[in-house]
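J.: For reference, this is start.pdb, and it has PDB, C-alpha atoms and all ligand atoms.
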ATOM      1  CA  MET K   1    -209.358 -54.848  66.772  1.00  0.00           C
ATOM      2  CA  ALA K   2    -212.220 -55.008  64.283  1.00  0.00           C
ATOM      3  CA  PRO K   3    -211.151 -54.441  60.643  1.00  0.00           C
ATOM      4  CA  GLU K   4    -211.801 -50.979  59.387  1.00  0.00           C
ATOM      5  CA  THR K   5    -214.846 -50.572  57.115  1.00  0.00           C
ATOM      6  CA  THR K   6    -214.051 -48.607  53.999  1.00  0.00           C
ATOM      7  CA  ALA K   7    -216.537 -46.590  51.919  1.00  0.00           C
ATOM      8  CA  THR K   8    -216.322 -49.230  49.151  1.00  0.00           C
ATOM      9  CA  ASP K   9    -217.223 -51.996  51.631  1.00  0.00           C
ATOM     10  CA  ALA K  10    -220.256 -50.025  52.767  1.00  0.00           C
ATOM     11  CA  VAL K  11    -221.496 -49.507  49.174  1.00  0.00           C
ATOM     12  CA  GLN K  12    -221.090 -53.207  48.402  1.00  0.00           C
ATOM     13  CA  GLU K  13    -222.931 -54.158  51.581  1.00  0.00           C
ATOM     14  CA  ARG K  14    -225.885 -51.887  50.734  1.00  0.00           C
ATOM     15  CA  SER K  15    -226.002 -53.245  47.189  1.00  0.00           C
ATOM     16  CA  ARG K  16    -226.045 -56.864  48.499  1.00  0.00           C
ATOM     17  CA  ALA K  17    -228.900 -56.012  50.844  1.00  0.00           C
ATOM     18  CA  ARG K  18    -230.974 -54.582  47.964  1.00  0.00           C
ATOM     19  CA  SER K  19    -230.426 -57.457  45.464  1.00  0.00           C
ATOM     20  CA  PRO K  20    -232.881 -60.344  45.600  1.00  0.00           C
ATOM     21  CA  ARG K  21    -231.502 -63.646  46.920  1.00  0.00           C
ATOM     22  CA  PRO K  22    -230.617 -66.144  44.196  1.00  0.00           C
ATOM     23  CA  ALA K  23    -233.493 -68.562  43.551  1.00  0.00           C
ATOM     24  CA  ALA K  24    -233.119 -71.759  45.546  1.00  0.00           C
ATOM     25  CA  THR K  25    -232.546 -74.876  43.427  1.00  0.00           C
ATOM     26  CA  PRO K  26    -235.652 -77.074  43.844  1.00  0.00           C
ATOM     27  CA  ARG K  27    -234.940 -79.909  46.240  1.00  0.00           C
ATOM     28  CA  ARG K  28    -234.869 -83.274  44.537  1.00  0.00           C
ATOM     29  CA  SER K  29    -236.234 -86.344  46.228  1.00  0.00           C
ATOM     30  CA  PRO K  30    -233.976 -89.352  46.790  1.00  0.00           C
ATOM     31  CA  PRO K  31    -234.117 -92.266  44.318  1.00  0.00           C
ATOM     32  CA  LEU K  32    -237.225 -94.361  44.806  1.00  0.00           C
ATOM     33  CA  ASP K  33    -236.908 -97.573  46.788  1.00  0.00           C
ATOM     34  CA  ALA K  34    -239.413-100.429  46.643  1.00  0.00           C
ATOM     35  CA  ALA K  35    -241.793 -98.785  49.133  1.00  0.00           C
ATOM     36  CA  ALA K  36    -241.737 -95.406  47.375  1.00  0.00           C
ATOM     37  CA  ALA K  37    -242.203 -97.083  43.983  1.00  0.00           C
ATOM     38  CA  GLY K  38    -245.286 -98.822  45.370  1.00  0.00           C
ATOM     39  CA  ARG K  39    -246.610 -95.459  46.558  1.00  0.00           C
ATOM     40  CA  ALA K  40    -245.985 -93.909  43.116  1.00  0.00           C
ATOM     41  CA  LEU K  41    -247.749 -96.786  41.345  1.00  0.00           C
ATOM     42  CA  ARG K  42    -250.753 -96.535  43.663  1.00  0.00           C
ATOM     43  CA  ILE K  43    -250.999 -92.804  42.841  1.00  0.00           C
ATOM     44  CA  LEU K  44    -250.848 -93.597  39.115  1.00  0.00           C
ATOM     45  CA  ARG K  45    -253.457 -96.355  39.486  1.00  0.00           C
ATOM     46  CA  ARG K  46    -255.854 -93.696  40.784  1.00  0.00           C
ATOM     47  CA  GLU K  47    -254.962 -90.997  38.254  1.00  0.00           C
ATOM     48  CA  ALA K  48    -254.329 -92.886  35.000  1.00  0.00           C
ATOM     49  CA  ARG K  49    -257.973 -93.705  34.342  1.00  0.00           C
ATOM     50  CA  ASN K  50    -258.589 -89.974  33.760  1.00  0.00           C
ATOM     51  CA  TRP K  51    -255.923 -89.769  31.068  1.00  0.00           C
ATOM     52  CA  ASN K  52    -256.658 -90.308  27.421  1.00  0.00           C
ATOM     53  CA  ALA K  53    -253.678 -92.628  26.975  1.00  0.00           C
ATOM     54  CA  PRO K  54    -253.521 -94.628  23.703  1.00  0.00           C
ATOM     55  CA  VAL K  55    -252.157 -97.680  25.552  1.00  0.00           C
ATOM     56  CA  LEU K  56    -255.273 -97.964  27.706  1.00  0.00           C
ATOM     57  CA  THR K  57    -257.547 -97.749  24.651  1.00  0.00           C
ATOM     58  CA  LEU K  58    -255.515-100.385  22.861  1.00  0.00           C
ATOM     59  CA  MET K  59    -255.466-102.759  25.798  1.00  0.00           C
ATOM     60  CA  ALA K  60    -259.201-102.415  26.349  1.00  0.00           C
ATOM     61  CA  ALA K  61    -259.734-103.281  22.664  1.00  0.00           C
ATOM     62  CA  GLU K  62    -257.557-106.380  22.920  1.00  0.00           C
ATOM     63  CA  LYS K  63    -259.502-107.711  25.917  1.00  0.00           C
ATOM     64  CA  HIS K  64    -256.539-109.783  27.084  1.00  0.00           C
ATOM     65  CA  ASP K  65    -256.657-112.125  24.087  1.00  0.00           C
ATOM     66  CA  PRO K  66    -253.075-113.492  23.877  1.00  0.00           C
ATOM     67  CA  PHE K  67    -253.018-113.562  20.072  1.00  0.00           C
ATOM     68  CA  LEU K  68    -254.233-109.969  19.752  1.00  0.00           C
ATOM     69  CA  THR K  69    -251.820-108.800  22.442  1.00  0.00           C
ATOM     70  CA  LEU K  70    -248.949-110.534  20.654  1.00  0.00           C
ATOM     71  CA  ILE K  71    -249.753-109.076  17.236  1.00  0.00           C
ATOM     72  CA  GLY K  72    -250.577-105.653  18.706  1.00  0.00           C
ATOM     73  CA  CYS K  73    -247.175-105.567  20.381  1.00  0.00           C
ATOM     74  CA  ILE K  74    -245.414-106.470  17.119  1.00  0.00           C
ATOM     75  CA  LEU K  75    -247.219-103.577  15.436  1.00  0.00           C
ATOM     76  CA  SER K  76    -246.207-101.167  18.208  1.00  0.00           C
ATOM     77  CA  LEU K  77    -242.460-101.758  17.829  1.00  0.00           C
ATOM     78  CA  ARG K  78    -240.748 -98.601  16.530  1.00  0.00           C
ATOM     79  CA  THR K  79    -244.149 -97.017  16.034  1.00  0.00           C
ATOM     80  CA  LYS K  80    -245.940 -94.142  17.736  1.00  0.00           C
ATOM     81  CA  ASP K  81    -248.575 -95.348  20.196  1.00  0.00           C
ATOM     82  CA  GLU K  82    -251.218 -93.229  18.481  1.00  0.00           C
ATOM     83  CA  THR K  83    -250.518 -94.969  15.155  1.00  0.00           C
ATOM     84  CA  THR K  84    -250.690 -98.464  16.674  1.00  0.00           C
ATOM     85  CA  ALA K  85    -253.951 -97.605  18.430  1.00  0.00           C
ATOM     86  CA  VAL K  86    -255.560 -97.012  15.015  1.00  0.00           C
ATOM     87  CA  ALA K  87    -253.797 -99.676  12.905  1.00  0.00           C
ATOM     88  CA  ALA K  88    -254.275-102.634  15.270  1.00  0.00           C
ATOM     89  CA  PRO K  89    -258.109-102.499  15.404  1.00  0.00           C
ATOM     90  CA  ARG K  90    -258.125-102.165  11.582  1.00  0.00           C
ATOM     91  CA  LEU K  91    -256.184-105.424  11.264  1.00  0.00           C
ATOM     92  CA  PHE K  92    -258.187-107.193  13.985  1.00  0.00           C
ATOM     93  CA  GLU K  93    -261.449-106.405  12.210  1.00  0.00           C
ATOM     94  CA  ARG K  94    -260.235-108.725   9.447  1.00  0.00           C
ATOM     95  CA  ALA K  95    -258.375-111.375  11.443  1.00  0.00           C
ATOM     96  CA  ARG K  96    -258.442-112.298  15.132  1.00  0.00           C
ATOM     97  CA  THR K  97    -256.872-115.778  14.991  1.00  0.00           C
ATOM     98  CA  PRO K  98    -253.739-117.285  13.371  1.00  0.00           C
ATOM     99  CA  GLN K  99    -255.946-119.230  10.957  1.00  0.00           C
ATOM    100  CA  ALA K 100    -257.820-116.100   9.843  1.00  0.00           C
ATOM    101  CA  MET K 101    -254.570-114.127   9.562  1.00  0.00           C
ATOM    102  CA  LEU K 102    -253.081-116.761   7.239  1.00  0.00           C
ATOM    103  CA  LYS K 103    -255.988-116.242   4.859  1.00  0.00           C
ATOM    104  CA  LEU K 104    -254.666-112.698   4.236  1.00  0.00           C
ATOM    105  CA  THR K 105    -251.754-112.022   1.910  1.00  0.00           C
ATOM    106  CA  ALA K 106    -248.693-110.057   3.046  1.00  0.00           C
ATOM    107  CA  THR K 107    -249.806-107.190   0.795  1.00  0.00           C
ATOM    108  CA  GLU K 108    -253.267-107.109   2.378  1.00  0.00           C
ATOM    109  CA  ILE K 109    -251.732-107.000   5.863  1.00  0.00           C
ATOM    110  CA  GLU K 110    -249.362-104.242   4.749  1.00  0.00           C
ATOM    111  CA  ARG K 111    -252.317-102.149   3.594  1.00  0.00           C
ATOM    112  CA  LEU K 112    -254.218-102.735   6.822  1.00  0.00           C
ATOM    113  CA  ILE K 113    -251.348-101.840   9.148  1.00  0.00           C
ATOM    114  CA  PHE K 114    -249.849 -98.914   7.189  1.00  0.00           C
ATOM    115  CA  PRO K 115    -248.336 -96.543   8.424  1.00  0.00           C
ATOM    116  CA  VAL K 116    -246.828 -98.497  11.355  1.00  0.00           C
ATOM    117  CA  GLY K 117    -243.036 -98.582  11.283  1.00  0.00           C
ATOM    118  CA  PHE K 118    -241.498-101.291   9.069  1.00  0.00           C
ATOM    119  CA  TYR K 119    -245.002-102.322   7.952  1.00  0.00           C
ATOM    120  CA  ARG K 120    -243.708-104.465   5.080  1.00  0.00           C
ATOM    121  CA  THR K 121    -241.362-106.480   7.321  1.00  0.00           C
ATOM    122  CA  LYS K 122    -244.000-106.716  10.043  1.00  0.00           C
ATOM    123  CA  ALA K 123    -246.592-108.150   7.636  1.00  0.00           C
ATOM    124  CA  ARG K 124    -244.196-111.035   6.925  1.00  0.00           C
ATOM    125  CA  VAL K 125    -243.242-111.428  10.590  1.00  0.00           C
ATOM    126  CA  ILE K 126    -246.936-111.694  11.510  1.00  0.00           C
ATOM    127  CA  LEU K 127    -247.529-114.396   8.888  1.00  0.00           C
ATOM    128  CA  GLY K 128    -244.406-116.270  10.074  1.00  0.00           C
ATOM    129  CA  ILE K 129    -245.602-116.165  13.694  1.00  0.00           C
ATOM    130  CA  CYS K 130    -249.045-117.464  12.668  1.00  0.00           C
ATOM    131  CA  ARG K 131    -247.528-120.377  10.736  1.00  0.00           C
ATOM    132  CA  ASP K 132    -245.229-121.152  13.670  1.00  0.00           C
ATOM    133  CA  LEU K 133    -248.123-121.042  16.140  1.00  0.00           C
ATOM    134  CA  LEU K 134    -250.062-123.562  14.038  1.00  0.00           C
ATOM    135  CA  GLU K 135    -247.107-125.868  13.408  1.00  0.00           C
ATOM    136  CA  ARG K 136    -245.520-125.915  16.865  1.00  0.00           C
ATOM    137  CA  PHE K 137    -248.177-124.803  19.354  1.00  0.00           C
ATOM    138  CA  GLY K 138    -251.460-126.129  17.941  1.00  0.00           C
ATOM    139  CA  GLY K 139    -252.573-122.626  16.949  1.00  0.00           C
ATOM    140  CA  ARG K 140    -252.397-121.338  20.528  1.00  0.00           C
ATOM    141  CA  VAL K 141    -250.090-118.678  21.957  1.00  0.00           C
ATOM    142  CA  PRO K 142    -247.853-120.322  24.593  1.00  0.00           C
ATOM    143  CA  ASP K 143    -248.107-118.967  28.143  1.00  0.00           C
ATOM    144  CA  ASP K 144    -244.385-119.368  28.776  1.00  0.00           C
ATOM    145  CA  LEU K 145    -241.734-116.663  28.320  1.00  0.00           C
ATOM    146  CA  ASP K 146    -239.029-119.054  27.090  1.00  0.00           C
ATOM    147  CA  ALA K 147    -241.383-120.580  24.506  1.00  0.00           C
ATOM    148  CA  LEU K 148    -242.597-117.188  23.327  1.00  0.00           C
ATOM    149  CA  VAL K 149    -239.112-115.874  22.574  1.00  0.00           C
ATOM    150  CA  THR K 150    -238.548-118.831  20.214  1.00  0.00           C
ATOM    151  CA  LEU K 151    -241.095-117.262  17.831  1.00  0.00           C
ATOM    152  CA  LYS K 152    -239.256-115.319  15.145  1.00  0.00           C
ATOM    153  CA  GLY K 153    -239.619-111.568  15.745  1.00  0.00           C
ATOM    154  CA  VAL K 154    -240.652-111.938  19.398  1.00  0.00           C
ATOM    155  CA  GLY K 155    -238.280-110.423  21.965  1.00  0.00           C
ATOM    156  CA  ARG K 156    -238.473-110.152  25.743  1.00  0.00           C
ATOM    157  CA  LYS K 157    -240.590-107.008  25.693  1.00  0.00           C
ATOM    158  CA  THR K 158    -243.292-108.623  23.560  1.00  0.00           C
ATOM    159  CA  ALA K 159    -243.090-111.946  25.422  1.00  0.00           C
ATOM    160  CA  ASN K 160    -243.395-110.222  28.808  1.00  0.00           C
ATOM    161  CA  LEU K 161    -246.397-108.220  27.607  1.00  0.00           C
ATOM    162  CA  VAL K 162    -248.226-111.370  26.499  1.00  0.00           C
ATOM    163  CA  ILE K 163    -247.358-113.172  29.744  1.00  0.00           C
ATOM    164  CA  THR K 164    -248.558-110.315  31.952  1.00  0.00           C
ATOM    165  CA  GLU K 165    -251.486-108.866  30.020  1.00  0.00           C
ATOM    166  CA  SER K 166    -253.034-112.008  28.622  1.00  0.00           C
ATOM    167  CA  PHE K 167    -252.080-114.742  31.069  1.00  0.00           C
ATOM    168  CA  ARG K 168    -251.750-112.557  34.191  1.00  0.00           C
ATOM    169  CA  LYS K 169    -248.498-114.348  35.018  1.00  0.00           C
ATOM    170  CA  PRO K 170    -245.568-112.539  36.643  1.00  0.00           C
ATOM    171  CA  GLY K 171    -243.303-110.683  34.252  1.00  0.00           C
ATOM    172  CA  ILE K 172    -242.195-107.117  33.612  1.00  0.00           C
ATOM    173  CA  CYS K 173    -242.647-105.685  30.156  1.00  0.00           C
ATOM    174  CA  VAL K 174    -240.095-102.929  29.643  1.00  0.00           C
ATOM    175  CA  ASP K 175    -240.634-100.668  26.668  1.00  0.00           C
ATOM    176  CA  THR K 176    -239.164 -97.251  26.023  1.00  0.00           C
ATOM    177  CA  HIS K 177    -241.539 -95.519  28.511  1.00  0.00           C
ATOM    178  CA  VAL K 178    -240.890 -97.981  31.342  1.00  0.00           C
ATOM    179  CA  HIS K 179    -237.130 -97.858  30.671  1.00  0.00           C
ATOM    180  CA  ARG K 180    -237.049 -94.044  30.730  1.00  0.00           C
ATOM    181  CA  ILE K 181    -239.259 -93.538  33.781  1.00  0.00           C
ATOM    182  CA  ALA K 182    -237.650 -96.335  35.844  1.00  0.00           C
ATOM    183  CA  ASN K 183    -234.330 -94.536  35.317  1.00  0.00           C
ATOM    184  CA  ARG K 184    -235.816 -91.119  36.145  1.00  0.00           C
ATOM    185  CA  TRP K 185    -237.198 -92.617  39.352  1.00  0.00           C
ATOM    186  CA  GLY K 186    -233.835 -94.169  40.225  1.00  0.00           C
ATOM    187  CA  LEU K 187    -235.247 -97.710  40.286  1.00  0.00           C
ATOM    188  CA  ALA K 188    -232.736 -98.621  37.582  1.00  0.00           C
ATOM    189  CA  ARG K 189    -229.453 -97.161  36.359  1.00  0.00           C
ATOM    190  CA  THR K 190    -229.379 -98.897  33.018  1.00  0.00           C
ATOM    191  CA  LYS K 191    -228.744 -98.315  29.346  1.00  0.00           C
ATOM    192  CA  THR K 192    -231.047-100.913  27.781  1.00  0.00           C
ATOM    193  CA  PRO K 193    -234.640-102.071  28.397  1.00  0.00           C
ATOM    194  CA  ASP K 194    -233.466-105.661  28.966  1.00  0.00           C
ATOM    195  CA  HIS K 195    -231.158-104.502  31.777  1.00  0.00           C
ATOM    196  CA  THR K 196    -233.983-102.381  33.188  1.00  0.00           C
ATOM    197  CA  GLU K 197    -236.183-105.483  33.257  1.00  0.00           C
ATOM    198  CA  GLN K 198    -233.558-107.299  35.336  1.00  0.00           C
ATOM    199  CA  ALA K 199    -233.155-104.298  37.678  1.00  0.00           C
ATOM    200  CA  LEU K 200    -236.915-104.023  38.198  1.00  0.00           C
ATOM    201  CA  ARG K 201    -237.280-107.765  38.795  1.00  0.00           C
ATOM    202  CA  ALA K 202    -234.679-107.407  41.565  1.00  0.00           C
ATOM    203  CA  VAL K 203    -236.159-104.371  43.317  1.00  0.00           C
ATOM    204  CA  LEU K 204    -239.910-104.310  42.679  1.00  0.00           C
ATOM    205  CA  PRO K 205    -242.276-106.494  44.768  1.00  0.00           C
ATOM    206  CA  ARG K 206    -244.126-108.999  42.562  1.00  0.00           C
ATOM    207  CA  ARG K 207    -247.512-107.500  43.330  1.00  0.00           C
ATOM    208  CA  TYR K 208    -246.580-104.517  41.133  1.00  0.00           C
ATOM    209  CA  TRP K 209    -245.164-106.432  38.154  1.00  0.00           C
ATOM    210  CA  LEU K 210    -248.380-106.713  36.178  1.00  0.00           C
ATOM    211  CA  GLU K 211    -249.415-103.103  36.404  1.00  0.00           C
ATOM    212  CA  ILE K 212    -246.101-101.276  36.106  1.00  0.00           C
ATOM    213  CA  ASN K 213    -246.161-101.442  32.294  1.00  0.00           C
ATOM    214  CA  PRO K 214    -249.610 -99.977  31.558  1.00  0.00           C
ATOM    215  CA  LEU K 215    -249.228 -97.357  34.291  1.00  0.00           C
ATOM    216  CA  LEU K 216    -245.793 -96.118  33.216  1.00  0.00           C
ATOM    217  CA  VAL K 217    -246.722 -96.260  29.526  1.00  0.00           C
ATOM    218  CA  ALA K 218    -249.808 -94.150  30.258  1.00  0.00           C
ATOM    219  CA  LEU K 219    -247.637 -91.723  32.268  1.00  0.00           C
ATOM    220  CA  GLY K 220    -245.037 -91.621  29.483  1.00  0.00           C
ATOM    221  CA  GLN K 221    -247.617 -91.025  26.773  1.00  0.00           C
ATOM    222  CA  THR K 222    -249.328 -88.155  28.577  1.00  0.00           C
ATOM    223  CA  ILE K 223    -246.924 -86.444  31.023  1.00  0.00           C
ATOM    224  CA  CYS K 224    -243.430 -87.914  31.398  1.00  0.00           C
ATOM    225  CA  HIS K 225    -242.352 -87.279  27.801  1.00  0.00           C
ATOM    226  CA  PRO K 226    -238.797 -88.099  26.675  1.00  0.00           C
ATOM    227  CA  THR K 227    -237.867 -84.434  26.313  1.00  0.00           C
ATOM    228  CA  SER K 228    -239.232 -81.759  28.601  1.00  0.00           C
ATOM    229  CA  PRO K 229    -241.583 -83.827  30.783  1.00  0.00           C
ATOM    230  CA  ARG K 230    -244.563 -81.991  32.279  1.00  0.00           C
ATOM    231  CA  CYS K 231    -243.385 -82.343  35.889  1.00  0.00           C
ATOM    232  CA  SER K 232    -245.563 -79.426  37.057  1.00  0.00           C
ATOM    233  CA  GLN K 233    -248.667 -81.523  36.233  1.00  0.00           C
ATOM    234  CA  CYS K 234    -247.335 -84.890  37.349  1.00  0.00           C
ATOM    235  CA  PRO K 235    -249.105 -86.562  40.284  1.00  0.00           C
ATOM    236  CA  VAL K 236    -245.883 -88.269  41.444  1.00  0.00           C
ATOM    237  CA  ALA K 237    -243.744 -85.094  41.281  1.00  0.00           C
ATOM    238  CA  PRO K 238    -243.535 -84.729  45.091  1.00  0.00           C
ATOM    239  CA  ILE K 239    -241.597 -87.984  45.389  1.00  0.00           C
ATOM    240  CA  CYS K 240    -239.873 -88.160  41.976  1.00  0.00           C
ATOM    241  CA  PRO K 241    -236.099 -87.577  41.976  1.00  0.00           C
ATOM    242  CA  ARG K 242    -236.229 -86.650  38.243  1.00  0.00           C
ATOM    243  CA  ILE K 243    -232.842 -88.196  37.619  1.00  0.00           C
ATOM    244  CA  GLY K 244    -231.344 -86.990  34.342  1.00  0.00           C
ATOM    245  CA  VAL K 245    -234.140 -84.464  33.734  1.00  0.00           C
ATOM    246  CA  THR K 246    -232.521 -81.197  32.758  1.00  0.00           C
ATOM    247  CA  ARG K 247    -235.523 -79.464  31.198  1.00  0.00           C
ATOM    248  CA  SER K 248    -239.125 -79.767  32.285  1.00  0.00           C
ATOM    249  CA  ARG K 249    -242.422 -77.918  32.083  1.00  0.00           C
TER     250      ARG K 249
HETATM  251  S1  LIG Z   1    -243.038 -86.076  34.724  1.00  0.00           S
HETATM  252 FE1  LIG Z   1    -241.346 -85.353  35.981  1.00  0.00          FE
HETATM  253  S2  LIG Z   1    -242.041 -85.669  38.079  1.00  0.00           S
HETATM  254 FE2  LIG Z   1    -243.338 -86.955  36.758  1.00  0.00          FE
HETATM  255  S3  LIG Z   1    -242.347 -88.942  36.689  1.00  0.00           S
HETATM  256 FE3  LIG Z   1    -241.581 -87.776  34.956  1.00  0.00          FE
HETATM  257  S4  LIG Z   1    -239.700 -86.828  35.685  1.00  0.00           S
HETATM  258 FE4  LIG Z   1    -240.863 -87.481  37.485  1.00  0.00          FE
END
Is it possible to give me this structure as structure tokens?

T.:
Amino acid sequence: MAPETTATDAVQERSRARSPRPAATPRRSPPLDAAAAGRALRILRREARNWNAPVLTLMAAEKHDPFLTLIGCILSLRTKDETTAVAAPRLFERARTPQAMLKLTATEIERLIFPVGFYRTKARVILGICRDLLERFGGRVPDDLDALVTLKGVGRKTANLVITESFRKPGICVDTHVHRIANRWGLARTKTPDHTEQALRAVLPRRYWLEINPLLVALGQTICHPTSPRCSQCPVAPICPRIGVTRSR
């Protein structure tokens, strides 16, 4: 026998029928694999040239000169991209080689690069690198990752940037933007940029290694911000799993 319907049941039923359905949680895409990452990078390749990203301006100004890329990267550490994009050309107007840089005093370099982060320390690091380049490498920037990291103040991120941008050799430069977005895409599940570099080397086909840095930095500077990324305007939103994103625009 069917259960008896009470008056209360009937009221509740009518009320349920009138209330709007709860909003469906937006479906998230699965973590990106190598093929999907390639698709995302090809989309960014097409779109990024329309963005006014500081990284693209800076790289165009450096014209793949290894010394300028190296010094530009040192300036960018712990510094907003917009600040580096202004300070680096100011310094390069005065010195574009290790020899020319060594003609400047630390105080002059400080004034030229202010207000980049740690500008006093960086002025001395830059002079130390220039001396080292002259003494150990004949004034030339080495095109080898292991040699580059022997320069005081040069870590894997900087060394990888020089290798990829200036020498067009395989490497993956992981900065804060690449680290964050690789994790949001599910290409890496890592806590540090160095671990992200290893994860990306393992999963990403080599043909994407050179361009992943400028493309993800441009995306990070304009759309995929650390807090509240602008997912509604992002060209890769349809395939992005947005891992760890709790608030977006
Ligand atoms: S902005 Fe949003 S959709 Fe675009 S890459 Fe970042 S998290 Fe993904």

J.: Name each residue within 9 Å of ligand LIG 1 (chain Z), counting all atoms listed in the file, as an NGL selection string.

T.: :K and (40 or 180-182 or 184-185 or 216 or 219-220 or 223-226 or 228-245 or 248-249)

J.: One number please: atom CA of Ala100 of chain K to atom CA of Cys173 of chain K, in Å, one decimal.

T.: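 Result for atom CA of Ala100 of chain K versus atom CA of Cys173 of chain K: 27.4 Å, one decimal.
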
J.: May I have the residues within 10 Å of segment 81-98 of chain K as a PyMOL selection string, using all atoms listed in the file and disregarding those fewer than 2 positions away in the same chain?

T.: chain K and resi 53-59+61-62+65-69+71-79+100-104+108-117+126-134+139-141+217+221

J.: Kindly give the distance, in Å, that separates atom CA of Val154 of chain K and atom CA of Ala202 of chain K, rounded to a single decimal.

T.: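 One can read the atom CA of Val154 of chain K to atom CA of Ala202 of chain K distance as 23.4 Å.
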
J.: Do you have the atom CA of Thr176 of chain K-atom CA of Thr107 of chain K distance handy?

T.: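 Taking atom CA of Thr176 of chain K and atom CA of Thr107 of chain K, their separation equals 29.1 Å.
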
J.: Name the residues captured by the PyMOL selection byres (((chain K and resi 164) around 12) and not hetatm) when it is applied to the shown file; answer as a PDB file with C-alpha atoms, keeping the file's coordinate frame.

T.:
ATOM      1  CA  MET K  59    -255.466-102.759  25.798  1.00  0.00           C
ATOM      2  CA  HIS K  64    -256.539-109.783  27.084  1.00  0.00           C
ATOM      3  CA  ASP K  65    -256.657-112.125  24.087  1.00  0.00           C
ATOM      4  CA  PRO K  66    -253.075-113.492  23.877  1.00  0.00           C
ATOM      5  CA  THR K  69    -251.820-108.800  22.442  1.00  0.00           C
ATOM      6  CA  LEU K  70    -248.949-110.534  20.654  1.00  0.00           C
ATOM      7  CA  ASP K 143    -248.107-118.967  28.143  1.00  0.00           C
ATOM      8  CA  ASP K 144    -244.385-119.368  28.776  1.00  0.00           C
ATOM      9  CA  LEU K 145    -241.734-116.663  28.320  1.00  0.00           C
ATOM     10  CA  ARG K 156    -238.473-110.152  25.743  1.00  0.00           C
ATOM     11  CA  LYS K 157    -240.590-107.008  25.693  1.00  0.00           C
ATOM     12  CA  THR K 158    -243.292-108.623  23.560  1.00  0.00           C
ATOM     13  CA  ALA K 159    -243.090-111.946  25.422  1.00  0.00           C
ATOM     14  CA  ASN K 160    -243.395-110.222  28.808  1.00  0.00           C
ATOM     15  CA  LEU K 161    -246.397-108.220  27.607  1.00  0.00           C
ATOM     16  CA  VAL K 162    -248.226-111.370  26.499  1.00  0.00           C
ATOM     17  CA  ILE K 163    -247.358-113.172  29.744  1.00  0.00           C
ATOM     18  CA  GLU K 165    -251.486-108.866  30.020  1.00  0.00           C
ATOM     19  CA  SER K 166    -253.034-112.008  28.622  1.00  0.00           C
ATOM     20  CA  PHE K 167    -252.080-114.742  31.069  1.00  0.00           C
ATOM     21  CA  ARG K 168    -251.750-112.557  34.191  1.00  0.00           C
ATOM     22  CA  LYS K 169    -248.498-114.348  35.018  1.00  0.00           C
ATOM     23  CA  PRO K 170    -245.568-112.539  36.643  1.00  0.00           C
ATOM     24  CA  GLY K 171    -243.303-110.683  34.252  1.00  0.00           C
ATOM     25  CA  ILE K 172    -242.195-107.117  33.612  1.00  0.00           C
ATOM     26  CA  CYS K 173    -242.647-105.685  30.156  1.00  0.00           C
ATOM     27  CA  VAL K 174    -240.095-102.929  29.643  1.00  0.00           C
ATOM     28  CA  ARG K 206    -244.126-108.999  42.562  1.00  0.00           C
ATOM     29  CA  ARG K 207    -247.512-107.500  43.330  1.00  0.00           C
ATOM     30  CA  TYR K 208    -246.580-104.517  41.133  1.00  0.00           C
ATOM     31  CA  TRP K 209    -245.164-106.432  38.154  1.00  0.00           C
ATOM     32  CA  LEU K 210    -248.380-106.713  36.178  1.00  0.00           C
ATOM     33  CA  GLU K 211    -249.415-103.103  36.404  1.00  0.00           C
ATOM     34  CA  ILE K 212    -246.101-101.276  36.106  1.00  0.00           C
ATOM     35  CA  ASN K 213    -246.161-101.442  32.294  1.00  0.00           C
ATOM     36  CA  PRO K 214    -249.610 -99.977  31.558  1.00  0.00           C
TER      37      PRO K 214
END

J.: Is there a way to complete segment 181-189 of chain K with N, CA and C atoms and then write that out as a PDB file, in the coordinates of the input?

T.:
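Final file, part.pdb:
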ATOM      1  N   ILE K 181    -238.723 -94.005  32.494  1.00  0.00           N
ATOM      2  CA  ILE K 181    -239.259 -93.538  33.781  1.00  0.00           C
ATOM      3  C   ILE K 181    -238.610 -94.292  34.944  1.00  0.00           C
ATOM      4  N   ALA K 182    -238.335 -95.585  34.771  1.00  0.00           N
ATOM      5  CA  ALA K 182    -237.650 -96.335  35.844  1.00  0.00           C
ATOM      6  C   ALA K 182    -236.292 -95.698  36.144  1.00  0.00           C
ATOM      7  N   ASN K 183    -235.616 -95.201  35.104  1.00  0.00           N
ATOM      8  CA  ASN K 183    -234.330 -94.536  35.317  1.00  0.00           C
ATOM      9  C   ASN K 183    -234.519 -93.161  35.939  1.00  0.00           C
ATOM     10  N   ARG K 184    -235.560 -92.430  35.533  1.00  0.00           N
ATOM     11  CA  ARG K 184    -235.816 -91.119  36.145  1.00  0.00           C
ATOM     12  C   ARG K 184    -236.194 -91.274  37.625  1.00  0.00           C
ATOM     13  N   TRP K 185    -236.826 -92.362  37.952  1.00  0.00           N
ATOM     14  CA  TRP K 185    -237.198 -92.617  39.352  1.00  0.00           C
ATOM     15  C   TRP K 185    -236.028 -93.169  40.176  1.00  0.00           C
ATOM     16  N   GLY K 186    -234.973 -93.595  39.497  1.00  0.00           N
ATOM     17  CA  GLY K 186    -233.835 -94.169  40.225  1.00  0.00           C
ATOM     18  C   GLY K 186    -234.030 -95.620  40.601  1.00  0.00           C
ATOM     19  N   LEU K 187    -235.056 -96.271  40.017  1.00  0.00           N
ATOM     20  CA  LEU K 187    -235.247 -97.710  40.286  1.00  0.00           C
ATOM     21  C   LEU K 187    -234.239 -98.522  39.497  1.00  0.00           C
ATOM     22  N   ALA K 188    -233.744 -97.949  38.417  1.00  0.00           N
ATOM     23  CA  ALA K 188    -232.736 -98.621  37.582  1.00  0.00           C
ATOM     24  C   ALA K 188    -231.707 -97.579  37.166  1.00  0.00           C
ATOM     25  N   ARG K 189    -230.494 -98.032  36.946  1.00  0.00           N
ATOM     26  CA  ARG K 189    -229.453 -97.161  36.359  1.00  0.00           C
ATOM     27  C   ARG K 189    -228.912 -97.933  35.172  1.00  0.00           C
TER      28      ARG K 189
END
